[in-house]
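S.K.: Hey, dropping run_31.txt in here, compact mmCIF, C-alpha atoms:
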```
# COMPACT_ATOMS: atom_id res chain seq x y z
CA MET A 1 2.05 -4.17 23.46
CA ARG A 2 4.28 -2.16 21.12
CA PHE A 3 7.95 -2.56 20.26
CA ASP A 4 8.65 0.96 21.51
CA GLU A 5 7.59 -0.12 25.00
CA PHE A 6 10.61 -2.42 25.42
CA ILE A 7 13.08 -2.20 22.52
CA VAL A 8 16.05 -0.07 23.57
CA VAL A 9 16.68 2.07 20.50
CA ASP A 10 20.36 2.71 21.25
CA SER A 11 21.03 -1.01 21.50
CA ILE A 12 19.70 -1.97 18.05
CA ASN A 13 22.41 -3.82 16.13
CA PRO A 14 22.03 -3.98 12.33
CA ASN A 15 25.27 -5.87 11.79
CA LEU A 16 25.80 -8.60 14.34
CA GLN A 17 29.37 -9.83 14.08
CA ALA A 18 29.00 -13.07 16.02
CA THR A 19 28.28 -16.27 14.12
CA LYS A 20 27.93 -18.58 17.15
CA LYS A 21 25.02 -18.59 19.57
CA ASP A 22 27.01 -17.79 22.74
CA ASP A 23 28.87 -14.94 21.09
CA ALA A 24 25.68 -13.51 19.57
CA ILE A 25 23.99 -13.44 22.96
CA ARG A 26 27.04 -11.77 24.52
CA GLU A 27 27.13 -9.18 21.74
CA MET A 28 23.45 -8.35 22.21
CA VAL A 29 23.64 -8.14 26.00
CA ARG A 30 26.74 -5.98 25.59
CA SER A 31 24.73 -3.57 23.44
CA LEU A 32 22.23 -3.19 26.30
CA VAL A 33 25.09 -2.42 28.71
CA LYS A 34 26.48 0.16 26.27
CA ALA A 35 23.02 1.70 25.95
CA GLY A 36 22.90 2.08 29.75
CA LYS A 37 20.04 -0.37 30.29
CA LEU A 38 22.12 -2.93 32.18
CA SER A 39 25.04 -2.40 34.49
CA GLU A 40 28.42 -3.86 33.66
CA ASP A 41 28.23 -5.80 36.92
CA ASP A 42 25.18 -7.68 35.67
CA PHE A 43 26.58 -8.55 32.24
CA ASP A 44 27.97 -12.01 33.09
CA SER A 45 24.97 -12.99 35.15
CA VAL A 46 22.47 -12.03 32.42
CA VAL A 47 24.47 -13.84 29.71
CA ARG A 48 24.66 -16.96 31.91
CA ALA A 49 20.91 -16.86 32.54
CA ILE A 50 20.11 -16.59 28.83
CA LEU A 51 22.50 -19.41 27.94
CA LYS A 52 20.99 -21.55 30.69
CA ARG A 53 17.56 -20.99 29.16
CA GLU A 54 18.96 -22.03 25.77
CA GLU A 55 20.06 -25.33 27.33
CA LEU A 56 16.38 -26.15 27.93
CA GLY A 57 15.72 -25.82 24.20
CA SER A 58 16.86 -23.43 21.53
CA THR A 59 14.88 -20.25 21.06
CA GLY A 60 15.81 -20.43 17.38
CA ILE A 61 12.25 -21.07 16.28
CA GLY A 62 12.77 -21.37 12.55
CA ARG A 63 12.40 -18.99 9.58
CA GLY A 64 15.77 -17.47 10.50
CA ILE A 65 14.47 -16.09 13.79
CA ALA A 66 15.63 -16.46 17.39
CA VAL A 67 14.20 -14.97 20.57
CA PRO A 68 16.75 -15.60 23.34
CA HIS A 69 15.32 -14.51 26.70
CA THR A 70 15.49 -14.76 30.45
CA LYS A 71 14.01 -13.49 33.66
CA HIS A 72 16.53 -11.49 35.65
CA PRO A 73 16.33 -9.30 38.75
CA SER A 74 18.64 -6.66 37.27
CA VAL A 75 15.78 -5.11 35.27
CA GLN A 76 12.77 -3.27 36.65
CA GLY A 77 10.69 -3.67 33.51
CA LEU A 78 10.83 -5.61 30.26
CA VAL A 79 13.96 -4.75 28.27
CA GLY A 80 14.60 -5.88 24.72
CA THR A 81 16.93 -5.44 21.84
CA VAL A 82 17.01 -6.54 18.23
CA ALA A 83 19.92 -7.55 16.03
CA VAL A 84 20.24 -8.48 12.39
CA SER A 85 23.00 -10.73 11.13
CA ASN A 86 24.19 -10.62 7.55
CA LYS A 87 26.27 -13.78 7.92
CA GLY A 88 23.81 -15.88 9.87
CA VAL A 89 24.23 -17.25 13.39
CA GLU A 90 24.43 -20.97 14.23
CA PHE A 91 21.70 -21.19 16.83
CA ASP A 92 20.71 -24.90 17.00
CA SER A 93 17.41 -23.78 15.50
CA LEU A 94 14.43 -26.09 15.19
CA ASP A 95 14.83 -26.20 11.44
CA GLY A 96 18.63 -26.47 11.59
CA GLU A 97 19.03 -23.24 9.62
CA PRO A 98 21.09 -20.20 10.65
CA VAL A 99 19.41 -17.24 12.30
CA TYR A 100 19.34 -13.75 10.78
CA VAL A 101 16.94 -11.85 13.06
CA LEU A 102 17.29 -11.95 16.84
CA PHE A 103 15.06 -10.40 19.47
CA LEU A 104 16.55 -10.63 22.98
CA LEU A 105 14.27 -10.13 25.99
CA ILE A 106 15.04 -9.66 29.68
CA SER A 107 12.09 -9.60 32.06
CA PRO A 108 11.84 -8.96 35.77
CA PRO A 109 11.14 -12.25 37.59
CA ASN A 110 7.68 -11.16 38.69
CA ASP A 111 6.30 -10.04 35.34
CA PRO A 112 5.44 -13.04 33.14
CA GLN A 113 2.52 -11.14 31.59
CA ASN A 114 4.61 -8.55 29.78
CA HIS A 115 7.06 -11.21 28.63
CA LEU A 116 4.14 -13.12 27.13
CA ARG A 117 2.79 -9.99 25.46
CA ALA A 118 6.19 -9.24 23.95
CA LEU A 119 6.47 -12.79 22.61
CA GLU A 120 2.99 -12.43 21.18
CA LEU A 121 3.92 -9.18 19.45
CA ILE A 122 7.19 -10.54 18.05
CA ALA A 123 5.53 -13.73 16.81
CA ARG A 124 2.62 -11.83 15.27
CA GLN A 125 4.88 -9.46 13.38
CA LEU A 126 7.36 -12.11 12.27
CA ARG A 127 4.52 -14.18 10.82
CA ASN A 128 4.20 -11.36 8.33
CA ASP A 129 6.52 -12.29 5.46
CA THR A 130 7.03 -8.68 4.39
CA PHE A 131 8.08 -7.53 7.86
CA CYS A 132 10.35 -10.54 8.27
CA LYS A 133 11.97 -10.11 4.84
CA PHE A 134 12.56 -6.37 5.26
CA LEU A 135 14.02 -6.92 8.72
CA LYS A 136 16.50 -9.47 7.37
CA GLN A 137 17.47 -6.99 4.65
CA ALA A 138 17.92 -4.05 7.03
CA ARG A 139 21.48 -2.77 6.98
CA ASN A 140 21.38 0.10 9.47
CA SER A 141 19.70 0.94 12.77
CA GLU A 142 17.43 3.52 11.14
CA ASP A 143 15.97 0.86 8.81
CA ILE A 144 15.25 -1.44 11.76
CA LEU A 145 13.78 1.37 13.82
CA GLN A 146 11.57 2.41 10.95
CA LEU A 147 10.34 -1.17 10.44
CA ILE A 148 9.43 -1.71 14.08
CA SER A 149 7.79 1.73 14.17
CA GLU A 150 5.72 0.79 11.12
CA ALA A 151 4.80 -2.48 12.83
CA ASP A 152 3.77 -0.49 15.92
CA ASN A 153 1.55 1.58 13.67
CA ASN A 154 -0.06 -1.53 12.17
CA GLN A 155 1.38 -0.87 8.74
CA PHE A 156 2.08 -4.56 8.12
CA ASP A 157 -1.43 -5.75 8.88
CA MET B 158 -13.54 -33.35 17.66
CA ASN B 159 -12.58 -30.69 20.14
CA ARG B 160 -11.95 -30.05 23.80
CA LEU B 161 -11.61 -27.00 26.02
CA VAL B 162 -8.46 -26.59 28.10
CA THR B 163 -7.39 -23.98 30.62
CA VAL B 164 -3.84 -22.65 30.66
CA ALA B 165 -2.50 -23.74 34.04
CA ASN B 166 1.15 -22.73 33.70
CA PRO B 167 1.77 -19.62 35.86
CA ASP B 168 3.86 -18.15 33.06
CA GLY B 169 1.12 -18.72 30.50
CA LEU B 170 1.66 -20.20 27.06
CA HIS B 171 5.31 -19.21 26.90
CA MET B 172 7.86 -20.30 24.32
CA ARG B 173 8.84 -23.66 25.77
CA VAL B 174 5.22 -24.73 26.11
CA ALA B 175 4.42 -23.42 22.64
CA LEU B 176 7.33 -25.44 21.29
CA MET B 177 6.13 -28.61 23.04
CA ILE B 178 2.67 -28.09 21.56
CA SER B 179 3.94 -27.53 18.03
CA GLU B 180 6.34 -30.46 18.16
CA CYS B 181 3.61 -32.69 19.56
CA ALA B 182 1.13 -31.65 16.86
CA LYS B 183 3.63 -32.53 14.13
CA LYS B 184 3.80 -36.14 15.34
CA TYR B 185 0.24 -36.96 14.36
CA ASN B 186 -1.57 -37.36 11.11
CA ALA B 187 -4.14 -34.78 12.12
CA THR B 188 -4.94 -31.12 11.61
CA VAL B 189 -4.92 -29.51 15.02
CA THR B 190 -5.99 -25.95 15.67
CA ILE B 191 -6.11 -23.85 18.83
CA THR B 192 -8.72 -21.14 19.26
CA LYS B 193 -8.64 -18.27 21.72
CA ASP B 194 -11.64 -15.97 21.49
CA SER B 195 -12.01 -15.37 17.73
CA GLU B 196 -8.44 -16.28 16.75
CA THR B 197 -7.69 -19.76 15.45
CA VAL B 198 -4.14 -20.91 14.75
CA SER B 199 -2.35 -24.05 13.62
CA ALA B 200 -0.93 -26.00 16.57
CA ARG B 201 2.01 -27.09 14.39
CA ASP B 202 3.39 -23.57 13.99
CA ILE B 203 5.14 -22.22 17.08
CA LEU B 204 4.89 -18.64 15.81
CA GLN B 205 1.15 -19.00 15.44
CA VAL B 206 0.80 -20.59 18.88
CA LEU B 207 2.79 -17.73 20.42
CA THR B 208 0.52 -15.14 18.82
CA LEU B 209 -2.28 -16.35 21.09
CA GLY B 210 -0.46 -14.77 24.05
CA ALA B 211 -2.49 -17.04 26.31
CA THR B 212 -2.17 -16.04 29.95
CA PRO B 213 -2.79 -18.32 32.96
CA GLY B 214 -6.46 -19.15 33.40
CA VAL B 215 -7.38 -18.53 29.77
CA THR B 216 -9.61 -21.14 28.13
CA LEU B 217 -8.58 -22.45 24.72
CA LYS B 218 -10.40 -24.72 22.32
CA ILE B 219 -8.30 -27.48 20.84
CA ASP B 220 -9.74 -28.96 17.66
CA ALA B 221 -8.38 -32.00 15.87
CA GLN B 222 -9.42 -33.50 12.57
CA GLY B 223 -8.03 -36.44 10.64
CA GLU B 224 -6.93 -40.02 11.01
CA GLN B 225 -5.16 -39.55 14.37
CA ALA B 226 -7.39 -36.77 15.70
CA SER B 227 -8.17 -38.55 18.94
CA GLU B 228 -4.53 -39.34 19.74
CA ALA B 229 -3.42 -35.81 18.84
CA LEU B 230 -6.12 -34.24 20.97
CA ASN B 231 -5.22 -36.36 23.99
CA ALA B 232 -1.50 -35.68 23.63
CA ILE B 233 -1.86 -31.93 23.20
CA CYS B 234 -4.42 -31.46 25.96
CA ALA B 235 -2.04 -33.32 28.31
CA LEU B 236 0.49 -30.50 27.85
CA PHE B 237 -1.74 -27.91 29.53
```
Now, as a test, write the supplied structure out as structure tokens.
M.R.:
Amino acid sequence: MRFDEFIVVDSINPNLQATKKDDAIREMVRSLVKAGKLSEDDFDSVVRAILKREELGSTGIGRGIAVPHTKHPSVQGLVGTVAVSNKGVEFDSLDGEPVYVLFLLISPPNDPQNHLRALELIARQLRNDTFCKFLKQARNSEDILQLISEADNNQFD
Amino acid sequence: MNRLVTVANPDGLHMRVALMISECAKKYNATVTITKDSETVSARDILQVLTLGATPGVTLKIDAQGEQASEALNAICALF
């Protein structure tokens, strides 16, 4: 799988304002609504579903990374967005550290395979220190888009 | 020592399972690796476990070495 198969370009947020988990998730889901990938009517329901998943265990998996996600019937295919925080977000991460890079995923309920493939891609790329460092340093959408495009073209291998 | 396991979870080796595996592996004085096809990763690192992208029905090889290898192997295989 490639980032350009599910990351909604118009929703990329290089300067997340929220510093708390709930607010960060709302801000990211809001960006998907603004980009036209989710309807306003589904906003609350999607946010609730993601927060409910977080109650089972934080998706802040260390190294300053979080991958909040949910299954939700409002999407027909896998939808994702990425945000970078300059301030850091308190995310109850495994290592107790703030989060600076967030990938948010929404999958249709009947498509666990693509969700798994997206997690695989995100994990594989974020294991690369250069990709991870550059992403944290990105300060505009173009930088982020360029980085994920380079990752799609195997330039961090 | 090693053992083969099959991913039974209908959602595959998703994040919560990967987290349980990595947290479990950290509890033991053992080096535990998971192999899928030609890729071998550390069981302690959730990012590495996620890169396996293991779908339901996939067979994985769990390998444990060290003082608590047997205990670690039993505990991790029980998560599948």
S.K.: With all atoms listed in the file as the counted atoms, please give the residues lying no more than 6 Å from region 165-170 of chain B, apart from itself and same-chain residues fewer than 6 positions off, as a PyMOL selection string.
M.R.: (chain A and resi 112) or (chain B and resi 211-213)
S.K.: What are the nearest atom pairs, with distances in Å to one decimal, for all residues of chain B that come at most 6 Å from chain A, using all atoms listed in the file, set out by chain and rising residue number as a Markdown table?
M.R.:
```
| residue | atom | partner | partner_atom | distance |
| --- | --- | --- | --- | --- |
| B:Asp168 | CA | A:Pro112 | CA | 5.3 |
| B:Leu204 | CA | A:Ala123 | CA | 5.1 |
| B:Leu207 | CA | A:Glu120 | CA | 5.4 |
| B:Thr208 | CA | A:Glu120 | CA | 4.4 |
| B:Gly210 | CA | A:Glu120 | CA | 5.1 |
```
S.K.: Neighbouring residues of Leu236 (chain B) were defined as those with any atom within 8 Å, considering only C-alpha atoms; residues of the same chain fewer than 6 positions away were excluded. Please report them as a list in words.
M.R.: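 My reading of the contact set: Val174, Met177 and Ile178 of chain B.
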S.K.: In Å to one decimal, how far is CA of Glu55 (chain A) from CA of Thr81 (chain A)?
M.R.: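 Separating CA of Thr81 (chain A) from CA of Glu55 (chain A) is a distance of 20.9 Å.
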S.K.: B:Asn159, B:Arg201, B:Gly214, B:Met172: which is nearest Asn186 (chain B), counting only C-alpha atoms?
M.R.: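 Once distances to Asn186 (chain B) are computed over only C-alpha atoms, the minimum belongs to B:Arg201.
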S.K.: Distance cut-off 7 Å, centre (15.1, -4.8, 31.4) in file coordinates, counting all atoms listed in the file: which residues qualify? Return them as a list of chain:residue names.
M.R.: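 Residues with an atom close enough to that point: A:Lys37, A:Val75, A:Gln76, A:Gly77, A:Leu78, A:Val79, A:Gly80, A:Ile106, A:Ser107, A:Pro108.
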S.K.: I want to know what sits within 8 Å of region 220-225 of chain B, based on all atoms listed in the file, with residues of the same chain fewer than 5 positions away left out; could you give that as a compact mmCIF listing (two decimals) with C-alpha atoms, in the frame of the given file?
M.R.:
```
# COMPACT_ATOMS: atom_id res chain seq x y z
CA MET B 158 -13.54 -33.35 17.66
CA ASN B 159 -12.58 -30.69 20.14
CA ARG B 160 -11.95 -30.05 23.80
CA TYR B 185 0.24 -36.96 14.36
CA ASN B 186 -1.57 -37.36 11.11
CA ALA B 187 -4.14 -34.78 12.12
CA THR B 188 -4.94 -31.12 11.61
CA VAL B 189 -4.92 -29.51 15.02
CA THR B 190 -5.99 -25.95 15.67
CA ILE B 191 -6.11 -23.85 18.83
CA LEU B 230 -6.12 -34.24 20.97
```
S.K.: In Å to one decimal, how far is CA of Tyr100 (chain A) from CA of Ala138 (chain A)?
M.R.: 10.5 Å
S.K.: Could you check how far CA of Asp4 (chain A) sits from CA of Gln205 (chain B), in Å to one decimal?
M.R.: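 Calculated distance between CA of Asp4 (chain A) and CA of Gln205 (chain B) is 22.2 Å.
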S.K.: (24.3, -18.5, 23.0) in this file's frame - what residues fall within 9 Å of it? Use all atoms listed in the file and give the answer as an mmCIF file with C-alpha atoms, in the frame of the given file.
M.R.:
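File written: out22.cif
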```cif
data_model
loop_
_atom_site.group_PDB
_atom_site.id
_atom_site.type_symbol
_atom_site.label_atom_id
_atom_site.label_comp_id
_atom_site.auth_asym_id
_atom_site.auth_seq_id
_atom_site.Cartn_x
_atom_site.Cartn_y
_atom_site.Cartn_z
ATOM 1 C CA LYS A 20 27.930 -18.580 17.150
ATOM 2 C CA LYS A 21 25.020 -18.590 19.570
ATOM 3 C CA ASP A 22 27.010 -17.790 22.740
ATOM 4 C CA ASP A 23 28.870 -14.940 21.090
ATOM 5 C CA ALA A 24 25.680 -13.510 19.570
ATOM 6 C CA ILE A 25 23.990 -13.440 22.960
ATOM 7 C CA ARG A 26 27.040 -11.770 24.520
ATOM 8 C CA VAL A 47 24.470 -13.840 29.710
ATOM 9 C CA ILE A 50 20.110 -16.590 28.830
ATOM 10 C CA LEU A 51 22.500 -19.410 27.940
ATOM 11 C CA LYS A 52 20.990 -21.550 30.690
ATOM 12 C CA GLU A 54 18.960 -22.030 25.770
ATOM 13 C CA PRO A 68 16.750 -15.600 23.340
ATOM 14 C CA PHE A 91 21.700 -21.190 16.830
#
```
S.K.: Please list as a compact mmCIF listing (two decimals) with C-alpha atoms, keeping the file's coordinate frame every residue within 10 Å of Asp44 (chain A), counting only C-alpha atoms and excluding residues in the same chain fewer than 3 positions away.
M.R.:
```
# COMPACT_ATOMS: atom_id res chain seq x y z
CA ARG A 26 27.04 -11.77 24.52
CA VAL A 29 23.64 -8.14 26.00
CA ARG A 30 26.74 -5.98 25.59
CA GLU A 40 28.42 -3.86 33.66
CA ASP A 41 28.23 -5.80 36.92
CA VAL A 47 24.47 -13.84 29.71
CA ARG A 48 24.66 -16.96 31.91
CA ALA A 49 20.91 -16.86 32.54
```
S.K.: Considering all atoms listed in the file, return as a ChimeraX atom specification whatever protein or nucleic-acid residues lie within 7 Å of Thr19 (chain A), sequence-local ones (same chain, fewer than 3 positions apart) excluded.
M.R.: /A:24,87-90
S.K.: Please write the residues from the selection above to a file, keeping C-alpha atoms, as a CSV table (one decimal), in the frame of the given file.
M.R.:
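Produced file again03.csv, reproduced below:
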```
chain,number,residue,atom,x,y,z
A,24,ALA,CA,25.7,-13.5,19.6
A,87,LYS,CA,26.3,-13.8,7.9
A,88,GLY,CA,23.8,-15.9,9.9
A,89,VAL,CA,24.2,-17.2,13.4
A,90,GLU,CA,24.4,-21.0,14.2
```
